[in-house]
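Colleague: Pasting in a structure now, in structure tokens, and then I'll have a few things to ask.
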Amino acid sequence: MVESEDITIEELSTENTREDVKGMVRKLSENEWEIPVEHIPNMRVPGRLFVSESLLEGIEPGTIDQIANVSTLPGIQKYSMAMPDAHLGYGFAIGGVAAFDVEEGIISPGGVGFDINCGVRLIRTNLQKEEVVPNIKRLTDELFSNVPAGVGSKSRLRASDKELDSAFLEGARWAVEAGYGVEADFEHCEANGYMEGADPSQVSTKARNRGKPQLGTLGSGNHFLEVQYVDKIYDQEIASTFGLQEGQVTVMVHCGSRGAGHQICTDHLKELSQAVKNYKIEIPDKQLACAPAQSKEAQNYFKAMLCAANYAWANRQIITHWTRESFEKVFGRDADDLGMDLLYDVAHNVAKLEKHIVDGRKKEVYVHRKGATRAFPSGHPEVPAVYRDVGQPVLIPGSMGTPSFILCGSEESMNISFGSACHGAGRVMSRAHAKKEFRGQSIKENLEARGITVRATHPSVIAEEAPDVYKSSSKVVNVVHELGIARKVAKVLPLGVTKG
DNA sequence: ATGTTC
């Protein structure tokens with residue numbers, strides 16, 4: 001068992017050996033591994049890891065322990081899961097999915113993560129690669145100057161308290177009404193770009209003060225704004241429904257709720273660390289702080305989490321608007337003429353109340369997805385009408401200089417993963433290690449030699465995000481494709497990327 | 001991920 005309090009993630013990951021991990025799991029199929037209930041005391045259900053044998057070798061033993069730890073929480077359904085990109089996180093593994101009964105279960109901030117509603121959106125264009133390549137440096141510069149990036153970066157938008165409340169309550173819908181986009185944008189977001197039930201009175205002044213100047217900023221770390229082109233189509237029919245074809249230029253935005261979400265998570269973790277004692281819930285790791293789903297403490301967290309989720313959707317919407325303006329300036333045509341429609345926007349760090357079939361019966365569960373993307377199949381009422389015949393788009397970002405993937409939610413997701421798929425390529429090297437190993441300037445030169453323009457706030461950002469510090473996104477995506485959770489539709493490659 | 005250790 002891992003008691004991860006006071007232990008840094010890097011310390012845990014140094015214990016990694018492949019033999020340790022193989023001894024902890026039992027093979028169920030090519031891509032499914034069980035962590036038996038004997039792994040640690042008090043597991044209520046087994047753990048299940050969706051991973052290929054080759055990716056299993058890169059999973060830290062601590063990640064297996066974290067999956068097992070989650071299975072001890074009250075009301076957990078079926079099994080505690082992790083996707084092929086799983087790695088160590090705060091309490092719950094990143095790549096983790098867990099569903100808890102609406103009455104008997106719990107809600108836990110650790111199951112959502114600090115960057116609440118970190119997510120990805122993809123904007124189509126009708127430009128071809130050949131039209132963009134000659135302009136890529138100017139375009140990337142324009143995007144870098146129009147969309148503030150970096151730790152603590154401040155937005156060009158000076159949000160008032162009233163506007164912040166609107167972002168908390170109405171997410172992307174508010175941003176569109178405020179002039180940052182068109183109606184079709186929020187209609188092409190998961191949950192229409194905002195979830196009901198947010199309550200700004202559950203957001204501290206500190207979280208508000210951090211969030212206000214950052215509404216409309218990219219942030220840092222693995223977040224990015226990237227100009228790409230479609231390199232390969234795997235499924236012609238679904239690609240056509242998604243409006244994608246080979247050679248077409250797309251734009252991907254990967255970011256979240258910035259300091260607001262981080263502070264909301266921090267604030268409510270404090271409350272829930274007390275609550276877990278008051279309700280006498282036994283947890284194997286203090287980072288699994290939680291409360292009964294219907295308790296005041298859990299619901300207060302959930303209402304604040306919804307504010308951060310909506311803020312993140314508003315944030316990505318505002319960035320989309322400035323992205324369109326940047327293209328308009330460089331190409332001298334308006335965004336509508338450039339065909340800059342939003343394909344879709346997905347959340348990969350959020351908890352949601354959903355209906356799922358468990359043991360043959362439909363029931364309501366709080367599905368926690370932390371570094372996992374919803375992947376609802378065709379016919380699901382929550383999939384936008386334009387995609388309902390094929391399934392929802394599942395957007396999987398790569399790391400800097402590596403491919404990203406567009407998939408389509410598929411039937412097996414509802415049978416085996418509570419409607420979830422992976423979210424990207426997990427790190428294999430710490431930021432500190434990466435900074436020692438790589439020099440930003442030479443990574444940048446290598447990328448430019450491959451035709452990829454990079455603009456970052458500092459060379460160290462490029463070193464920390466070097467392509468080699470991440471797992472292969474292709475291998476991760478192949479696992480969910482083979483399992484039938486989400487089907488591969490297209491691969492996109494980077495042309496220009498901005499990073500904080 | 002994060003005013004990268006309130």
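Labels for the structure tokens follow display order: chains A, B, ..., residues from 1 in each chain, ligands from 1.
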Can you list, as a ChimeraX atom specification, all residues belonging to range 176-410 of chain A that DSSP tags as strand (DSSP E)?

Modeller: /A:224-233,248-255,291-292,342-347,349-358,361-370,373-374,393-396,404-409

Colleague: Sorted by chain and rising residue number, which residues of chain B lie within 10 Å of chain A, and what are their closest atom pairs and distances in Å to one decimal, counting only C-alpha atoms (C1' of nucleotides), as CSV?

Modeller:
residue,atom,partner,partner_atom,distance
B:DA1,C1',A:Asp115,CA,5.2
B:DT2,C1',A:His262,CA,6.4
B:DG3,C1',A:Gly152,CA,5.8
B:DT4,C1',A:Val151,CA,8.4

Colleague: To one decimal place, how far is CA of Thr205 in chain A from CA of Ile264 in chain A in Å?

Modeller: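 About the pair CA of Thr205 in chain A and CA of Ile264 in chain A: they are 10.0 Å apart.
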
Colleague: For Arg121 in chain A, which of A:Asp468, A:Glu190, A:Glu437, A:Asp235 is the closest residue, counting only C-alpha atoms?

Modeller: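 Closest residue, counting only C-alpha atoms: A:Glu190.
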
Colleague: Neighbours of range 475-478 of chain A within 10 Å (only C-alpha atoms (C1' of nucleotides); same-chain residues fewer than 4 positions away dropped), as a list in words?

Modeller: Asn31, Phe50, Val51, Ser52, Ser54, Leu55, Met83, Pro84, Asp85, Ala86, Ile396, Ser404, Phe405, Ile406, Leu407, Ala421, Cys422, His423, Gly424, Ala425, Gly426, Lys471, Glu482, Leu483, Gly484, Ala486, Arg487 and Lys488 of chain A

Colleague: Out of A:Val102, A:Val251, A:Ile136, A:Ala172, which residue has the shortest atom-to-atom distance to Asp341 in chain A when counting only C-alpha atoms?

Modeller: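 Closest to Asp341 in chain A, using only C-alpha atoms: A:Val251.
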